[in-house]
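Below is one structure; the comments refer to it alone.
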Amino acid sequence: MAERQSTGPWRVTLPPVDGQLVDLSQAIVHGAPTYAGMPECSVVETHTVAKDKMNATKLTINTHGTTHLDAPYHFFPAGRTVDQLDLSACIGSARVMDLTDKQGKVPVEAADLEQRAEIFKPGARVLLRFDWDRRYPKPEYFTDHPYLTLESCRWLAEHKVALLGMDSPTPNQTDWVEAHQTLLRAQIVIVEALANLDQLPLDREFLFMAAPLRLMGRDGAPIRALAIV
């Protein structure tokens, strides 16, 4: 994959923004669990008002811990890094697809996505709702969640969506390399570990925001995901 610089300024088309603000992010707390082999989150107080006349905290977090997004560099050495992403993919109109009938380690097939093909237009932002965030932080959250088949990932790539979000921790926990590569090769921004998708409408668009930290040259970043409905 050829490396491309993000140029900006970006143009986005927004729905009306006068509405209810919904926080779609998991909390960042000390010891927040993540995938095995990845460092846990550390939130440590370094200064206090009583001792130092101010409060300050040292934060250590994996770039793929809690609610975050993946950039192509996550799986491609020459892929776009977080600071090179087109932010117009991360902010704009979005839709939710209800997949709450998929519970446990069951596949989401291309045929399932085809049932709502109208929301998977080129450049679309689509959030997959499993209500799987209700399992967090139990161990099963990381091991037993619904997943996209490789065929589904190829279907999404062919439909040229801009962003794919989900309230599970990864698109696929078994064929995870191939699944990520298929989506990221198509320049689809992957947003993982969302929360509170049950508070979003299923029948209309809303404003979605998932701007990453501006980490230079890196593979992913925590985000504060928000919606206005």
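Starting from 1 in every chain, residues are counted up; chains themselves are A, B, ... following the order of the structure tokens, and ligands are numbered from 1 as listed.
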
Within 10 Å of stretch 105-119 of chain A, which residues of stretch 29-101 of chain A come that close, and what is the closest atom pair and distance in Å for each? Count only C-alpha atoms and give it as JSON lines.
```
{"residue": "A:Ala94", "atom": "CA", "partner": "A:Ile119", "partner_atom": "CA", "distance": 8.8}
{"residue": "A:Arg95", "atom": "CA", "partner": "A:Ile119", "partner_atom": "CA", "distance": 6.8}
{"residue": "A:Val96", "atom": "CA", "partner": "A:Ile119", "partner_atom": "CA", "distance": 8.6}
{"residue": "A:Met97", "atom": "CA", "partner": "A:Arg116", "partner_atom": "CA", "distance": 7.5}
{"residue": "A:Asp98", "atom": "CA", "partner": "A:Arg116", "partner_atom": "CA", "distance": 9.7}
{"residue": "A:Leu99", "atom": "CA", "partner": "A:Val108", "partner_atom": "CA", "distance": 8.4}
{"residue": "A:Asp101", "atom": "CA", "partner": "A:Val106", "partner_atom": "CA", "distance": 9.9}
```

Contacts of A:Lys102 at 10 Å (only C-alpha atoms; same-chain gap of 5+ positions) as a PyMOL selection string:
chain A and resi 107-108+129-132+145-147

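Backbone DSSP assigns strand (DSSP E) in stretch 117-157 of chain A to Arg125, Val126, Leu127, Leu128, Arg129, Tyr147 and Leu148 of chain A.
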
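When only C-alpha atoms are used to measure the gap to A:Gln181, the shortest distance among A:Leu127, A:Thr100, A:Leu215, A:Pro72 belongs to A:Pro72.
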
Go ahead and compute the interatomic distance for atom CA of A:Ala157 and atom CA of A:Ala186, in Å to one decimal.
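Going from atom CA of A:Ala157 over to atom CA of A:Ala186 covers 5.5 Å.
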
Distance of atom CA of A:Arg214 from atom CA of A:Asp18, expressed in Å to one decimal place
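Those two atoms sit 27.3 Å apart.
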
One decimal place gives the atom CA of A:Val22-atom CA of A:Leu197 separation as 8.9 Å

Out of A:Glu178, A:Ala193, A:Leu207, A:Val229, which residue has the shortest atom-to-atom distance to A:Phe75 when counting only C-alpha atoms?
A:Glu178

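Residue nearest A:Val191, chosen from A:Ala56, A:Ala27, A:Ile91, A:Met38 and counting only C-alpha atoms: A:Ile91.
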
So, counting only C-alpha atoms, which residue among A:Ala89, A:Arg135, A:Ala195, A:Leu156 is closest to A:Arg11?
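Smallest separation from A:Arg11 among the options: A:Ala89.
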
For stretch 172-177 of chain A, find every residue with an atom within 6 Å (counting only C-alpha atoms), except residues of its own chain fewer than 2 positions away, and show them as a VMD selection string.
chain A and resid 147 to 148 170 179 to 180

Residues just named, written with C-alpha atoms as a CSV table (one decimal), in the first residue's frame:
```
chain,number,residue,atom,x,y,z
A,147,TYR,CA,-18.0,-11.5,14.1
A,148,LEU,CA,-17.9,-10.5,10.5
A,170,THR,CA,-12.8,-6.5,16.8
A,179,ALA,CA,-10.5,-9.4,8.2
A,180,HIS,CA,-8.5,-6.3,9.2
```
